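Trainee: File run.pdb follows (PDB, C-alpha atoms and all ligand atoms):
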ATOM      1  CA  MET Z 480     104.619 102.041  79.502
ATOM      2  CA  THR Z 481     102.511 100.415  82.170
ATOM      3  CA  THR Z 482     102.402 100.056  85.917
ATOM      4  CA  SER Z 483     101.179  96.983  87.731
ATOM      5  CA  ALA Z 484      97.786  98.667  88.197
ATOM      6  CA  ALA Z 485      97.456  99.377  84.479
ATOM      7  CA  ALA Z 486      99.173  96.234  83.160
ATOM      8  CA  ASN Z 487      96.029  94.335  82.160
ATOM      9  CA  SER Z 488      93.827  97.271  81.251
ATOM     10  CA  PRO Z 489      92.811  97.975  77.651
ATOM     11  CA  LEU Z 490      92.692 101.649  78.653
ATOM     12  CA  GLY Z 491      95.639 104.002  78.492
ATOM     13  CA  SER Z 492      97.219 105.444  81.627
ATOM     14  CA  LEU Z 493      97.398 109.083  82.624
ATOM     15  CA  TYR Z 494     100.898 109.904  83.908
ATOM     16  CA  VAL Z 495     101.118 113.021  86.083
ATOM     17  CA  VAL Z 496     104.715 114.012  85.466
ATOM     18  CA  ALA Z 497     106.718 116.564  87.469
ATOM     19  CA  THR Z 498     109.121 118.731  85.472
ATOM     20  CA  PRO Z 499     111.959 120.989  86.775
ATOM     21  CA  ILE Z 500     111.330 124.282  88.614
ATOM     22  CA  GLY Z 501     114.510 125.791  87.222
ATOM     23  CA  ASN Z 502     117.465 123.433  86.983
ATOM     24  CA  LEU Z 503     116.773 121.086  84.063
ATOM     25  CA  ASP Z 504     118.915 118.363  85.628
ATOM     26  CA  ASP Z 505     116.133 117.892  88.163
ATOM     27  CA  ILE Z 506     113.999 115.978  85.674
ATOM     28  CA  SER Z 507     113.970 112.298  86.575
ATOM     29  CA  ALA Z 508     115.107 109.455  84.312
ATOM     30  CA  ARG Z 509     111.633 107.951  84.697
ATOM     31  CA  ALA Z 510     109.950 111.205  83.662
ATOM     32  CA  LEU Z 511     112.046 111.290  80.477
ATOM     33  CA  THR Z 512     111.228 107.665  79.650
ATOM     34  CA  ILE Z 513     107.503 108.301  80.096
ATOM     35  CA  LEU Z 514     107.477 111.582  78.149
ATOM     36  CA  ARG Z 515     109.176 109.762  75.260
ATOM     37  CA  SER Z 516     106.860 106.777  75.257
ATOM     38  CA  VAL Z 517     103.350 108.228  75.696
ATOM     39  CA  ALA Z 518     101.133 108.991  72.694
ATOM     40  CA  LEU Z 519     100.395 112.560  73.777
ATOM     41  CA  ILE Z 520     101.555 115.135  76.317
ATOM     42  CA  ALA Z 521      98.873 117.406  77.822
ATOM     43  CA  ALA Z 522     100.775 120.599  78.659
ATOM     44  CA  GLU Z 523      99.784 123.806  80.457
ATOM     45  CA  ASP Z 524     101.575 125.906  77.810
ATOM     46  CA  THR Z 525     102.625 124.007  74.706
ATOM     47  CA  ARG Z 526     105.129 126.656  73.569
ATOM     48  CA  HIS Z 527     106.819 126.676  76.965
ATOM     49  CA  SER Z 528     106.952 122.876  77.137
ATOM     50  CA  ALA Z 529     108.127 122.584  73.511
ATOM     51  CA  ARG Z 530     111.431 124.137  74.637
ATOM     52  CA  LEU Z 531     111.798 121.559  77.413
ATOM     53  CA  MET Z 532     111.026 118.727  74.979
ATOM     54  CA  GLN Z 533     113.506 120.110  72.484
ATOM     55  CA  HIS Z 534     116.198 120.269  75.169
ATOM     56  CA  PHE Z 535     115.719 116.568  75.900
ATOM     57  CA  GLY Z 536     115.171 115.535  72.259
ATOM     58  CA  ILE Z 537     111.589 114.376  72.883
ATOM     59  CA  GLY Z 538     109.295 114.409  69.833
ATOM     60  CA  THR Z 539     105.982 113.394  71.471
ATOM     61  CA  PRO Z 540     103.056 115.593  70.316
ATOM     62  CA  LEU Z 541     101.911 118.276  72.765
ATOM     63  CA  ALA Z 542      98.326 119.499  73.297
ATOM     64  CA  ALA Z 543      97.137 122.365  75.474
ATOM     65  CA  CYS Z 544      95.602 121.604  78.846
ATOM     66  CA  HIS Z 545      95.413 124.853  80.802
ATOM     67  CA  GLU Z 546      93.021 126.279  83.357
ATOM     68  CA  HIS Z 547      90.784 127.886  80.701
ATOM     69  CA  ASN Z 548      90.241 124.797  78.546
ATOM     70  CA  GLU Z 549      90.831 122.010  81.021
ATOM     71  CA  ARG Z 550      87.168 121.236  81.694
ATOM     72  CA  ASP Z 551      86.180 121.318  78.005
ATOM     73  CA  GLN Z 552      89.286 119.698  76.598
ATOM     74  CA  GLY Z 553      89.359 117.052  79.301
ATOM     75  CA  GLY Z 554      87.006 115.016  77.113
ATOM     76  CA  ARG Z 555      89.515 115.025  74.300
ATOM     77  CA  PHE Z 556      92.278 113.599  76.490
ATOM     78  CA  LEU Z 557      89.844 111.192  78.076
ATOM     79  CA  ALA Z 558      88.823 109.896  74.653
ATOM     80  CA  ARG Z 559      92.466 109.108  73.884
ATOM     81  CA  LEU Z 560      92.903 107.373  77.229
ATOM     82  CA  LEU Z 561      89.730 105.326  76.730
ATOM     83  CA  ALA Z 562      90.974 104.361  73.255
ATOM     84  CA  GLY Z 563      94.074 102.871  74.884
ATOM     85  CA  ASP Z 564      96.597 105.681  74.428
ATOM     86  CA  ASP Z 565      98.889 106.667  77.293
ATOM     87  CA  VAL Z 566      98.876 110.400  78.049
ATOM     88  CA  ALA Z 567     101.317 112.436  80.181
ATOM     89  CA  LEU Z 568     100.150 115.552  81.998
ATOM     90  CA  ILE Z 569     102.741 118.262  82.671
ATOM     91  CA  SER Z 570     102.620 121.887  83.800
ATOM     92  CA  ASP Z 571     105.029 124.744  83.104
ATOM     93  CA  ALA Z 572     107.140 123.877  86.140
ATOM     94  CA  GLY Z 573     107.130 121.436  89.017
ATOM     95  CA  THR Z 574     104.321 119.116  89.934
ATOM     96  CA  PRO Z 575     101.008 119.439  88.024
ATOM     97  CA  LEU Z 576      97.930 120.276  90.159
ATOM     98  CA  ILE Z 577     100.077 122.040  92.794
ATOM     99  CA  SER Z 578      98.823 125.604  92.116
ATOM    100  CA  ASP Z 579      98.697 124.412  88.502
ATOM    101  CA  PRO Z 580      96.072 122.921  86.154
ATOM    102  CA  GLY Z 581      95.256 119.221  85.992
ATOM    103  CA  TYR Z 582      92.728 118.643  88.767
ATOM    104  CA  HIS Z 583      89.717 118.285  86.462
ATOM    105  CA  LEU Z 584      91.498 115.958  84.062
ATOM    106  CA  VAL Z 585      92.743 113.744  86.897
ATOM    107  CA  ARG Z 586      89.243 113.590  88.381
ATOM    108  CA  GLN Z 587      87.664 112.783  85.029
ATOM    109  CA  ALA Z 588      90.242 110.081  84.337
ATOM    110  CA  ARG Z 589      89.809 108.443  87.724
ATOM    111  CA  ALA Z 590      86.024 108.571  87.414
ATOM    112  CA  ALA Z 591      86.308 106.813  84.039
ATOM    113  CA  GLY Z 592      88.404 104.023  85.557
ATOM    114  CA  VAL Z 593      91.647 105.152  83.923
ATOM    115  CA  ALA Z 594      94.817 104.471  85.927
ATOM    116  CA  VAL Z 595      96.370 107.764  87.056
ATOM    117  CA  VAL Z 596     100.068 107.333  87.789
ATOM    118  CA  PRO Z 597     102.136 109.935  89.656
ATOM    119  CA  VAL Z 598     105.689 110.483  88.420
ATOM    120  CA  PRO Z 599     107.128 112.597  91.245
ATOM    121  CA  GLY Z 600     109.841 115.202  91.015
ATOM    122  CA  ALA Z 601     110.408 118.888  91.687
ATOM    123  CA  CYS Z 602     107.904 120.888  93.699
ATOM    124  CA  ALA Z 603     108.788 124.359  94.977
ATOM    125  CA  LEU Z 604     107.023 124.064  98.329
ATOM    126  CA  ILE Z 605     108.672 120.745  99.185
ATOM    127  CA  ALA Z 606     112.115 121.943  98.027
ATOM    128  CA  ALA Z 607     111.750 125.065 100.194
ATOM    129  CA  LEU Z 608     110.504 123.138 103.225
ATOM    130  CA  SER Z 609     113.284 120.565 102.936
ATOM    131  CA  ALA Z 610     115.939 123.263 103.399
ATOM    132  CA  ALA Z 611     114.130 125.790 105.621
ATOM    133  CA  GLY Z 612     115.004 124.436 109.037
ATOM    134  CA  LEU Z 613     111.408 125.062 110.192
ATOM    135  CA  PRO Z 614     109.344 122.218 111.680
ATOM    136  CA  SER Z 615     108.543 119.895 108.779
ATOM    137  CA  ASP Z 616     106.685 117.075 110.529
ATOM    138  CA  ARG Z 617     103.402 118.916 109.974
ATOM    139  CA  PHE Z 618     102.764 121.806 107.614
ATOM    140  CA  ILE Z 619      99.984 123.414 105.631
ATOM    141  CA  PHE Z 620     100.225 124.675 102.070
ATOM    142  CA  GLU Z 621      98.167 127.831 101.521
ATOM    143  CA  GLY Z 622      99.075 128.285  97.832
ATOM    144  CA  PHE Z 623      98.688 131.879  96.624
ATOM    145  CA  LEU Z 624      97.124 134.416  98.974
ATOM    146  CA  PRO Z 625      94.411 136.710  97.554
ATOM    147  CA  ALA Z 626      95.990 139.440  95.409
ATOM    148  CA  LYS Z 627      94.158 142.331  97.075
ATOM    149  CA  ALA Z 628      95.335 143.593 100.462
ATOM    150  CA  ALA Z 629      92.002 143.198 102.287
ATOM    151  CA  GLY Z 630      91.535 139.602 101.156
ATOM    152  CA  ARG Z 631      95.151 138.755 101.896
ATOM    153  CA  ARG Z 632      94.974 140.129 105.434
ATOM    154  CA  ALA Z 633      91.681 138.374 106.090
ATOM    155  CA  ARG Z 634      93.211 135.062 105.027
ATOM    156  CA  LEU Z 635      96.293 135.655 107.179
ATOM    157  CA  GLU Z 636      94.038 136.401 110.177
ATOM    158  CA  GLN Z 637      92.334 133.037 109.636
ATOM    159  CA  VAL Z 638      95.631 131.145 109.921
ATOM    160  CA  LYS Z 639      97.214 133.361 112.574
ATOM    161  CA  GLU Z 640      96.987 130.689 115.286
ATOM    162  CA  GLU Z 641      97.708 127.727 113.039
ATOM    163  CA  PRO Z 642     100.344 125.669 114.903
ATOM    164  CA  ARG Z 643     101.783 123.939 111.816
ATOM    165  CA  THR Z 644     104.420 125.486 109.541
ATOM    166  CA  LEU Z 645     102.693 127.648 106.919
ATOM    167  CA  ILE Z 646     103.784 127.640 103.270
ATOM    168  CA  PHE Z 647     102.724 130.253 100.704
ATOM    169  CA  TYR Z 648     103.456 130.890  97.032
ATOM    170  CA  GLU Z 649     103.724 134.560  96.093
ATOM    171  CA  ALA Z 650     104.316 136.619  92.965
ATOM    172  CA  PRO Z 651     107.481 138.763  93.029
ATOM    173  CA  HIS Z 652     105.629 142.070  92.587
ATOM    174  CA  ARG Z 653     103.605 141.358  95.742
ATOM    175  CA  ILE Z 654     106.320 139.800  97.911
ATOM    176  CA  LEU Z 655     107.104 142.947  99.888
ATOM    177  CA  GLU Z 656     103.502 143.843 100.752
ATOM    178  CA  CYS Z 657     102.830 140.190 101.515
ATOM    179  CA  LEU Z 658     105.728 140.034 104.016
ATOM    180  CA  GLN Z 659     104.664 143.342 105.555
ATOM    181  CA  ASP Z 660     101.115 142.042 106.029
ATOM    182  CA  MET Z 661     102.483 138.826 107.540
ATOM    183  CA  GLN Z 662     104.567 140.910 109.922
ATOM    184  CA  SER Z 663     101.565 142.927 111.063
ATOM    185  CA  VAL Z 664      99.273 139.881 111.442
ATOM    186  CA  PHE Z 665     101.717 137.236 112.779
ATOM    187  CA  GLY Z 666     103.979 139.641 114.687
ATOM    188  CA  ASP Z 667     107.558 140.923 114.292
ATOM    189  CA  GLU Z 668     109.218 137.950 115.914
ATOM    190  CA  ARG Z 669     107.585 135.018 114.123
ATOM    191  CA  PRO Z 670     110.365 132.998 112.364
ATOM    192  CA  ALA Z 671     110.032 132.933 108.577
ATOM    193  CA  LEU Z 672     111.991 132.077 105.457
ATOM    194  CA  LEU Z 673     111.979 133.403 101.925
ATOM    195  CA  ALA Z 674     113.021 130.823  99.313
ATOM    196  CA  ARG Z 675     113.666 132.565  96.003
ATOM    197  CA  GLU Z 676     114.683 131.237  92.606
ATOM    198  CA  LEU Z 677     115.102 127.689  93.891
ATOM    199  CA  THR Z 678     117.492 125.537  91.834
ATOM    200  CA  LYS Z 679     118.398 128.572  89.668
ATOM    201  CA  THR Z 680     121.489 130.811  89.449
ATOM    202  CA  PHE Z 681     120.275 133.355  91.995
ATOM    203  CA  GLU Z 682     118.839 130.865  94.462
ATOM    204  CA  THR Z 683     118.411 132.537  97.862
ATOM    205  CA  LEU Z 684     117.107 131.102 101.107
ATOM    206  CA  LYS Z 685     116.891 133.703 103.835
ATOM    207  CA  GLY Z 686     115.487 132.831 107.224
ATOM    208  CA  MET Z 687     114.850 135.377 109.995
ATOM    209  CA  PRO Z 688     112.033 136.897 112.054
ATOM    210  CA  LEU Z 689     109.296 138.457 109.917
ATOM    211  CA  ALA Z 690     110.105 142.094 110.763
ATOM    212  CA  GLU Z 691     113.756 141.626 109.749
ATOM    213  CA  LEU Z 692     112.830 139.665 106.644
ATOM    214  CA  ALA Z 693     110.381 142.335 105.456
ATOM    215  CA  ALA Z 694     112.994 145.072 106.083
ATOM    216  CA  TRP Z 695     115.678 143.068 104.249
ATOM    217  CA  VAL Z 696     113.448 142.606 101.187
ATOM    218  CA  ALA Z 697     112.407 146.294 101.299
ATOM    219  CA  ALA Z 698     116.058 147.364 101.283
ATOM    220  CA  ASP Z 699     117.088 145.254  98.283
ATOM    221  CA  SER Z 700     114.943 145.344  95.138
ATOM    222  CA  ASN Z 701     116.760 142.235  93.832
ATOM    223  CA  GLN Z 702     114.865 140.286  96.474
ATOM    224  CA  GLN Z 703     111.613 141.425  94.872
ATOM    225  CA  ARG Z 704     112.351 139.554  91.645
ATOM    226  CA  GLY Z 705     111.976 135.958  90.524
ATOM    227  CA  GLU Z 706     109.839 133.187  91.924
ATOM    228  CA  CYS Z 707     109.358 132.788  95.629
ATOM    229  CA  VAL Z 708     107.997 130.645  98.403
ATOM    230  CA  VAL Z 709     107.385 132.049 101.880
ATOM    231  CA  LEU Z 710     107.461 129.789 104.923
ATOM    232  CA  VAL Z 711     106.302 130.933 108.341
ATOM    233  CA  ALA Z 712     106.700 129.032 111.599
ATOM    234  CA  GLY Z 713     103.437 127.884 113.124
ATOM    235  CA  TRP Z 714     101.850 129.682 116.058
ATOM    236  CA  GLN Z 715     103.090 128.850 119.528
ATOM    237  CA  ALA Z 716     101.233 129.740 122.696
ATOM    238  CA  PRO Z 717     103.049 132.625 124.377
ATOM    239  CA  GLU Z 718     105.106 131.473 127.315
ATOM    240  CA  GLY Z 719     103.090 131.371 130.493
ATOM    241  CA  GLU Z 720      99.785 131.083 128.641
ATOM    242  CA  GLU Z 721      97.657 128.456 130.293
ATOM    243  CA  ALA Z 722      97.166 125.169 128.578
ATOM    244  CA  VAL Z 723      93.517 124.205 128.194
ATOM    245  CA  SER Z 724      92.442 122.832 131.572
ATOM    246  CA  ALA Z 725      90.837 119.432 132.032
ATOM    247  CA  GLU Z 726      87.597 121.177 132.997
ATOM    248  CA  ALA Z 727      87.598 123.316 129.838
ATOM    249  CA  MET Z 728      88.260 120.168 127.802
ATOM    250  CA  ARG Z 729      85.329 118.430 129.519
ATOM    251  CA  VAL Z 730      82.992 121.322 128.637
ATOM    252  CA  LEU Z 731      84.321 121.477 125.086
ATOM    253  CA  ASN Z 732      83.842 117.752 124.515
ATOM    254  CA  LEU Z 733      80.308 117.796 125.950
ATOM    255  CA  LEU Z 734      79.378 120.592 123.563
ATOM    256  CA  LEU Z 735      81.155 118.958 120.612
ATOM    257  CA  ALA Z 736      78.875 115.959 121.008
ATOM    258  CA  GLU Z 737      75.851 118.230 120.510
ATOM    259  CA  MET Z 738      76.798 120.874 117.951
ATOM    260  CA  PRO Z 739      79.194 121.889 115.168
ATOM    261  CA  LEU Z 740      82.814 122.548 116.101
ATOM    262  CA  LYS Z 741      82.763 126.317 115.653
ATOM    263  CA  ARG Z 742      79.664 126.805 117.803
ATOM    264  CA  ALA Z 743      80.982 124.389 120.450
ATOM    265  CA  ALA Z 744      84.275 126.297 120.670
ATOM    266  CA  ALA Z 745      82.446 129.630 120.995
ATOM    267  CA  LEU Z 746      80.104 128.392 123.740
ATOM    268  CA  ALA Z 747      82.903 126.598 125.615
ATOM    269  CA  ALA Z 748      84.888 129.849 125.509
ATOM    270  CA  GLU Z 749      81.992 131.737 127.082
ATOM    271  CA  ILE Z 750      81.541 129.133 129.806
ATOM    272  CA  THR Z 751      85.217 128.583 130.664
ATOM    273  CA  GLY Z 752      86.847 131.905 129.822
ATOM    274  CA  VAL Z 753      89.448 130.166 127.642
ATOM    275  CA  ARG Z 754      90.135 131.894 124.316
ATOM    276  CA  LYS Z 755      87.752 130.809 121.554
ATOM    277  CA  ASN Z 756      90.511 130.386 118.944
ATOM    278  CA  LEU Z 757      92.521 128.178 121.266
ATOM    279  CA  LEU Z 758      89.530 125.911 121.914
ATOM    280  CA  TYR Z 759      88.772 125.846 118.204
ATOM    281  CA  GLN Z 760      92.330 124.708 117.400
ATOM    282  CA  VAL Z 761      92.276 122.078 120.157
ATOM    283  CA  ALA Z 762      88.976 120.702 118.868
ATOM    284  CA  LEU Z 763      90.354 120.616 115.319
ATOM    285  CA  GLU Z 764      93.481 118.764 116.459
ATOM    286  CA  GLN Z 765      91.301 116.260 118.294
ATOM    287  CA  GLN Z 766      89.232 115.614 115.194
ATOM    288  CA  ARG Z 767      92.354 115.171 113.099
ATOM    289  CA  ASP Z 768      93.811 112.647 115.509
ATOM    290  CA  VAL Z 769      90.689 110.477 115.565
TER     291      VAL Z 769
HETATM  292  N1  LIG T 801     103.542 123.364  90.203
HETATM  293  C1  LIG T 801     104.586 124.177  90.796
HETATM  294  C2  LIG T 801     105.263 123.405  91.927
HETATM  295  O1  LIG T 801     105.226 122.179  91.903
HETATM  296  O2  LIG T 801     105.851 124.028  92.807
HETATM  297  C3  LIG T 801     104.064 125.518  91.220
HETATM  298  C4  LIG T 801     103.401 126.303  90.136
HETATM  299  S1  LIG T 801     102.801 127.872  90.647
HETATM  300  C5  LIG T 801     101.915 128.408  89.223
HETATM  301  C6  LIG T 801     104.216 128.890  90.499
HETATM  302  C7  LIG T 801     104.694 129.359  91.870
HETATM  303  O3  LIG T 801     105.486 128.356  92.479
HETATM  304  C8  LIG T 801     105.606 130.575  91.799
HETATM  305  O4  LIG T 801     104.864 131.777  91.762
HETATM  306  C9  LIG T 801     106.394 130.455  93.077
HETATM  307  O5  LIG T 801     105.637 130.887  94.185
HETATM  308  C10 LIG T 801     106.570 128.924  93.156
HETATM  309  N2  LIG T 801     107.796 128.517  92.459
HETATM  310  C11 LIG T 801     107.892 127.851  91.296
HETATM  311  N3  LIG T 801     109.183 127.671  90.967
HETATM  312  C12 LIG T 801     109.927 128.225  91.948
HETATM  313  C13 LIG T 801     111.310 128.384  92.181
HETATM  314  N4  LIG T 801     112.207 127.929  91.311
HETATM  315  N5  LIG T 801     111.714 129.020  93.300
HETATM  316  C14 LIG T 801     110.814 129.498  94.183
HETATM  317  N6  LIG T 801     109.486 129.395  94.005
HETATM  318  C15 LIG T 801     109.046 128.770  92.912
END
Give the structure from this file in structure tokens form.
Mentor:
Amino acid sequence: MTTSAAANSPLGSLYVVATPIGNLDDISARALTILRSVALIAAEDTRHSARLMQHFGIGTPLAACHEHNERDQGGRFLARLLAGDDVALISDAGTPLISDPGYHLVRQARAAGVAVVPVPGACALIAALSAAGLPSDRFIFEGFLPAKAAGRRARLEQVKEEPRTLIFYEAPHRILECLQDMQSVFGDERPALLARELTKTFETLKGMPLAELAAWVAADSNQQRGECVVLVAGWQAPEGEEAVSAEAMRVLNLLLAEMPLKRAAALAAEITGVRKNLLYQVALEQQRDV
């Protein structure tokens, strides 16, 4: 199994293969072909993946590649790749590396000149975003929030005025406190959506303002089970709030030429009276657009 990039290489290729997040029919025909044809499958949990392989009648050997052994065992997979064997990397569900192991192996392989080939498929955050009805032209993926309340709230404060749609993964036993913290940091009215058990029997997508969503989850313990993704609409300037004036932009840009972004935003805020966070976001947007 080769791609054009790998066609003439004596090295093997590393295929990064997405597997289903629930519904097994979501595996792609290409993923099945590759999983059958590679010499070895590096799997996050070999027992878990053995069931998937059995379901599809795939007999390729599996070897563990999880977050605890990935750095050490990477050499073992790399040796196979350098010897010319094709290897597939899979995680327990969805796309490897997305809140899952694989980053170190992919880096090592690329550094060694091995072709790394993505085989796309299911990914919970993309599935949720595609059906959420929240702005999807720009979004940020925050992964899992810190497990402890103080860390979680601190992180939420940092993204409070993020204008792009925010996407979080969360464990079911923390979903209620997570939504309640989001409500208190982002406000009662901020639009949000809980996507639970995607592609599975009890799939639920519930979109409403954060206060209502938190109350709905609190009132029904069934909503505190299974796997979930939380999406929150990005921050919008309250109506009537002044846009950043041309003069404030002039000051900001003068300072940006002289000092780091954070310091420039703070000083420009002092000089112009415009909120520091707003100037910070504007400066960030500017940098992104360059
Ligand atoms: N690599 C996976 C992906 O591509 O989405 C994510 C792995 S991460 C360890 C597991 C988290 O993804 C879960 O805690 C949940 O937040 C989210 N997730 C995975 N499957 C899901 C599903 N079927 N429905 C909703 N969320 C899911």
Trainee: Do you know which residues the PyMOL selection byres (((chain Z and resi 492-507) around 6) and not hetatm) returns on this file, as a tab-separated table (two decimals) with C-alpha atoms, in the coordinates of the input?
Mentor:
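Dumped everything to out-v6.tsv:
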chain	number	residue	atom	x	y	z
Z	491	GLY	CA	95.64	104.00	78.49
Z	508	ALA	CA	115.11	109.46	84.31
Z	509	ARG	CA	111.63	107.95	84.70
Z	510	ALA	CA	109.95	111.20	83.66
Z	565	ASP	CA	98.89	106.67	77.29
Z	566	VAL	CA	98.88	110.40	78.05
Z	567	ALA	CA	101.32	112.44	80.18
Z	568	LEU	CA	100.15	115.55	82.00
Z	569	ILE	CA	102.74	118.26	82.67
Z	572	ALA	CA	107.14	123.88	86.14
Z	573	GLY	CA	107.13	121.44	89.02
Z	574	THR	CA	104.32	119.12	89.93
Z	594	ALA	CA	94.82	104.47	85.93
Z	595	VAL	CA	96.37	107.76	87.06
Z	596	VAL	CA	100.07	107.33	87.79
Z	597	PRO	CA	102.14	109.94	89.66
Z	598	VAL	CA	105.69	110.48	88.42
Z	599	PRO	CA	107.13	112.60	91.24
Z	600	GLY	CA	109.84	115.20	91.02
Z	601	ALA	CA	110.41	118.89	91.69
Z	678	THR	CA	117.49	125.54	91.83
Z	679	LYS	CA	118.40	128.57	89.67
Trainee: Give me the residues within 7 Å of stretch 604-609 of chain Z as a PyMOL selection string, counting all atoms listed in the file and dropping any in the same chain fewer than 2 places off.
Mentor: chain Z and resi 602+611+615+646+674+708
Trainee: Quick one: residues within 6 Å of stretch 622-629 of chain Z, all atoms listed in the file, excluding same-chain residues fewer than 2 positions away - as a list in words?
Mentor: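 Skipping anything fewer than 2 positions along the chain leaves Phe620, Arg631, Arg632, Phe647, Tyr648 and Glu649 of chain Z.
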Trainee: Just checking: using all atoms listed in the file, which residue out of Z:Gln587, Z:Ser488, Z:Pro575, Z:Val709 ends up closest to Z:Asp551?
Mentor: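 Closest to Z:Asp551 of all the choices is Z:Gln587.
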Trainee: Apply the PyMOL selection byres (((chain Z and resi 581) around 9) and not hetatm) to the displayed file and report the matching residues as a list in words.
Mentor: Val495, Glu523, Cys544, His545, Glu546, Glu549, Leu568, Ile569, Ser570, Pro575, Leu576, Ile577, Asp579, Pro580, Tyr582, His583, Leu584, Val585 and Arg586 of chain Z
Trainee: Can you list what the PyMOL selection byres (((chain Z and resi 636) around 12) and not hetatm) grabs from this structure, as a VMD selection string?
Mentor: chain Z and resid 624 629 to 635 637 to 641 660 to 666 714 756
Trainee: Find the residues around Z:Leu763 up to 12 Å (all atoms listed in the file counted), leave out those fewer than 3 positions away in its own chain, and share them as JSON, numbers by chain.
Mentor: {"Z": [641, 642, 731, 732, 735, 739, 740, 741, 743, 744, 756, 757, 758, 759, 760, 766, 767, 768, 769]}
Trainee: Rank Z:Ile537, Z:Cys707, Z:Leu689, Z:Leu645 by their smallest atom-to-atom distance to ligand LIG 801 (chain T), using only C-alpha atoms and all ligand atoms, and report the top residue only.
Mentor: Z:Cys707
Trainee: By how many Å are atom CA of Z:Gly554 and atom CA of Z:Ala588 apart?
Mentor: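 Atom-to-atom, atom CA of Z:Gly554 and atom CA of Z:Ala588 are spaced 9.3 Å apart.
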Trainee: By how many Å are atom CA of Z:Ile520 and atom CA of Z:Gly536 apart?
Mentor: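 Pair atom CA of Z:Ile520 / atom CA of Z:Gly536 returns 14.2 Å.
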Trainee: Between Z:Pro489, Z:Gly538, Z:Pro688, Z:Pro651, which residue has the minimum interatomic distance to ligand LIG 801 (chain T), considering all atoms listed in the file?
Mentor: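 Closest to ligand LIG 801 (chain T), using all atoms listed in the file: Z:Pro651.
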Trainee: Looking at Z:Asn548, Z:Leu710, Z:Ala694, Z:Ala558, which one is nearest to Z:Pro614, with distances taken over all atoms listed in the file?
Mentor: Z:Leu710
Trainee: If you keep N, CA, C and O atoms, can you output stretch 673-683 of chain Z as a short mmCIF file (atom, residue, chain, number, x, y, z; two decimals), in the first residue's frame?
Mentor:
data_model
loop_
_atom_site.label_atom_id
_atom_site.label_comp_id
_atom_site.auth_asym_id
_atom_site.auth_seq_id
_atom_site.Cartn_x
_atom_site.Cartn_y
_atom_site.Cartn_z
N LEU Z 673 -24.73 20.65 23.56
CA LEU Z 673 -24.15 19.41 24.09
C LEU Z 673 -24.39 18.32 23.06
O LEU Z 673 -25.54 18.07 22.67
N ALA Z 674 -23.31 17.69 22.60
CA ALA Z 674 -23.41 16.58 21.65
C ALA Z 674 -22.97 15.32 22.38
O ALA Z 674 -21.80 15.19 22.74
N ARG Z 675 -23.92 14.42 22.62
CA ARG Z 675 -23.66 13.25 23.46
C ARG Z 675 -23.86 11.97 22.67
O ARG Z 675 -24.78 11.88 21.85
N GLU Z 676 -22.97 11.02 22.90
CA GLU Z 676 -23.12 9.69 22.30
C GLU Z 676 -23.29 9.75 20.77
O GLU Z 676 -24.16 9.07 20.20
N LEU Z 677 -22.49 10.57 20.14
CA LEU Z 677 -22.59 10.74 18.68
C LEU Z 677 -22.47 9.40 17.96
O LEU Z 677 -21.59 8.58 18.31
N THR Z 678 -23.29 9.21 17.00
CA THR Z 678 -23.36 8.01 16.12
C THR Z 678 -23.83 6.76 16.86
O THR Z 678 -23.83 5.67 16.29
N LYS Z 679 -24.21 6.89 18.14
CA LYS Z 679 -24.63 5.71 18.92
C LYS Z 679 -26.15 5.74 19.14
O LYS Z 679 -26.82 6.73 18.81
N THR Z 680 -26.66 4.71 19.81
CA THR Z 680 -28.11 4.57 20.00
C THR Z 680 -28.73 5.78 20.68
O THR Z 680 -29.81 6.23 20.31
N PHE Z 681 -28.07 6.29 21.72
CA PHE Z 681 -28.67 7.40 22.47
C PHE Z 681 -28.11 8.76 22.08
O PHE Z 681 -28.01 9.67 22.89
N GLU Z 682 -27.75 8.88 20.82
CA GLU Z 682 -27.21 10.16 20.33
C GLU Z 682 -28.17 11.31 20.65
O GLU Z 682 -29.37 11.24 20.41
N THR Z 683 -27.61 12.36 21.24
CA THR Z 683 -28.40 13.54 21.62
C THR Z 683 -27.62 14.80 21.26
O THR Z 683 -26.46 14.93 21.65
#
